[in-house]
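Written below as structure tokens is the structure these notes are about.
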Amino acid sequence: MSQVSSCLVQAGFQLQGDADSGIPGLRVTEVSAGALVSWPASDGFTALARDQAGRAASNDSMRVIVQTAVAGLLIQLGHTVTETHDGCGLVVLAEAVLPRGGKGS
């Protein structure tokens, strides 16, 4: 998880703590499969997106843009990334540890 956080910070993303503080920004939390990266939008942005109905930059499309940028960066750095079942986050899979003499050695 700390490697994922470090990669995102070095790329210029601002991370928030893993507790839901109500402050918008990327969050990286540990899950059984690896690290969960989520981006809760601020209430102000959500209201603005709702008021601008019919425009391309809705809250949902902005989430897709942020997730695409984050996933692209992490994949480029060699991580395996999948989308959560609800589509609201990314799971960066923990690296599999292969035994000595196993495939890949």
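Every chain in the structure tokens has a letter given in the order shown (A, B, ...), and although residue numbers restart at 1 in each chain, ligands are simply numbered from 1 in the order shown.
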
Can you pull out every residue within 12 Å of Ile75 of chain A, counting only C-alpha atoms, but drop anything in the same chain fewer than 3 positions away, and send it as a PDB file with N, CA and C atoms, in the first residue's frame?
```pdb
ATOM      1  N   VAL A   4       2.121   2.160  -3.474  1.00  0.00           N
ATOM      2  CA  VAL A   4       1.090   2.784  -4.300  1.00  0.00           C
ATOM      3  C   VAL A   4       0.960   4.254  -3.916  1.00  0.00           C
ATOM      4  N   CYS A   7       3.947   6.259  -5.200  1.00  0.00           N
ATOM      5  CA  CYS A   7       3.873   6.476  -6.652  1.00  0.00           C
ATOM      6  C   CYS A   7       2.921   7.624  -6.975  1.00  0.00           C
ATOM      7  N   LEU A   8       1.774   7.641  -6.325  1.00  0.00           N
ATOM      8  CA  LEU A   8       0.780   8.681  -6.600  1.00  0.00           C
ATOM      9  C   LEU A   8       1.264  10.051  -6.158  1.00  0.00           C
ATOM     10  N   GLN A  67      -9.909   8.141 -12.426  1.00  0.00           N
ATOM     11  CA  GLN A  67      -9.551   6.729 -12.331  1.00  0.00           C
ATOM     12  C   GLN A  67      -8.702   6.279 -13.518  1.00  0.00           C
ATOM     13  N   THR A  68      -8.991   6.787 -14.711  1.00  0.00           N
ATOM     14  CA  THR A  68      -8.201   6.426 -15.890  1.00  0.00           C
ATOM     15  C   THR A  68      -6.770   6.924 -15.751  1.00  0.00           C
ATOM     16  N   ALA A  69      -6.604   8.135 -15.259  1.00  0.00           N
ATOM     17  CA  ALA A  69      -5.257   8.691 -15.070  1.00  0.00           C
ATOM     18  C   ALA A  69      -4.483   7.897 -14.028  1.00  0.00           C
ATOM     19  N   VAL A  70      -5.132   7.593 -12.914  1.00  0.00           N
ATOM     20  CA  VAL A  70      -4.475   6.843 -11.835  1.00  0.00           C
ATOM     21  C   VAL A  70      -4.133   5.427 -12.307  1.00  0.00           C
ATOM     22  N   ALA A  71      -5.083   4.753 -12.943  1.00  0.00           N
ATOM     23  CA  ALA A  71      -4.841   3.388 -13.429  1.00  0.00           C
ATOM     24  C   ALA A  71      -3.713   3.377 -14.457  1.00  0.00           C
ATOM     25  N   GLY A  72      -3.718   4.320 -15.390  1.00  0.00           N
ATOM     26  CA  GLY A  72      -2.670   4.381 -16.405  1.00  0.00           C
ATOM     27  C   GLY A  72      -1.293   4.544 -15.801  1.00  0.00           C
ATOM     28  N   GLY A  78       4.089  -0.841 -13.601  1.00  0.00           N
ATOM     29  CA  GLY A  78       4.171  -2.281 -13.426  1.00  0.00           C
ATOM     30  C   GLY A  78       3.176  -2.903 -12.472  1.00  0.00           C
ATOM     31  N   HIS A  79       2.225  -2.137 -11.984  1.00  0.00           N
ATOM     32  CA  HIS A  79       1.213  -2.673 -11.064  1.00  0.00           C
ATOM     33  C   HIS A  79       0.061  -3.302 -11.852  1.00  0.00           C
ATOM     34  N   THR A  80      -0.608  -4.244 -11.234  1.00  0.00           N
ATOM     35  CA  THR A  80      -1.821  -4.822 -11.802  1.00  0.00           C
ATOM     36  C   THR A  80      -3.000  -4.119 -11.151  1.00  0.00           C
ATOM     37  N   VAL A  81      -3.871  -3.534 -11.978  1.00  0.00           N
ATOM     38  CA  VAL A  81      -4.967  -2.708 -11.479  1.00  0.00           C
ATOM     39  C   VAL A  81      -6.292  -3.231 -12.029  1.00  0.00           C
ATOM     40  N   THR A  82      -7.288  -3.346 -11.154  1.00  0.00           N
ATOM     41  CA  THR A  82      -8.643  -3.705 -11.564  1.00  0.00           C
ATOM     42  C   THR A  82      -9.619  -2.701 -10.975  1.00  0.00           C
ATOM     43  N   LEU A  90     -10.423   1.715  -7.612  1.00  0.00           N
ATOM     44  CA  LEU A  90      -9.471   0.823  -8.252  1.00  0.00           C
ATOM     45  C   LEU A  90      -8.805  -0.028  -7.189  1.00  0.00           C
ATOM     46  N   VAL A  91      -8.573  -1.284  -7.514  1.00  0.00           N
ATOM     47  CA  VAL A  91      -7.825  -2.157  -6.622  1.00  0.00           C
ATOM     48  C   VAL A  91      -6.491  -2.426  -7.289  1.00  0.00           C
ATOM     49  N   VAL A  92      -5.410  -2.084  -6.578  1.00  0.00           N
ATOM     50  CA  VAL A  92      -4.056  -2.376  -7.032  1.00  0.00           C
ATOM     51  C   VAL A  92      -3.683  -3.676  -6.346  1.00  0.00           C
ATOM     52  N   LEU A  93      -3.559  -4.720  -7.150  1.00  0.00           N
ATOM     53  CA  LEU A  93      -3.343  -6.044  -6.577  1.00  0.00           C
ATOM     54  C   LEU A  93      -1.963  -6.151  -5.951  1.00  0.00           C
TER      55      LEU A  93
END
```

### Task
Excluding Ser2 of chain A and any residue of its chain fewer than 6 positions from it, enumerate the residues within 10 Å of it, using only C-alpha atoms, and give them as a PyMOL selection string.
chain A and resi 8+28-30+35

### Message
Calculated over only C-alpha atoms, which of the candidates A:Val9, A:Cys88, A:Val31, A:Met1 has the smallest distance to Val66 of chain A?
### Response
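Going through A:Val9, A:Cys88, A:Val31, A:Met1 one by one, the smallest distance to Val66 of chain A is for A:Cys88.
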
### Message
What's the separation between atom CA of Leu15 of chain A and atom CA of Leu36 of chain A, in Å to one decimal place?
### Response
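Interatomic distance here is 12.6 Å.
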
### Task
Rank A:Glu83, A:Gln14, A:Gly25, A:Gly34 by their smallest atom-to-atom distance to Glu95 of chain A, using only C-alpha atoms, and report the top residue only.
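Using only C-alpha atoms, Glu95 of chain A sits closest to A:Gly34.
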
### Task
Quick one: pull the distance between atom CA of Gln10 of chain A and atom CA of Val37 of chain A, Å, one decimal.
15.4 Å
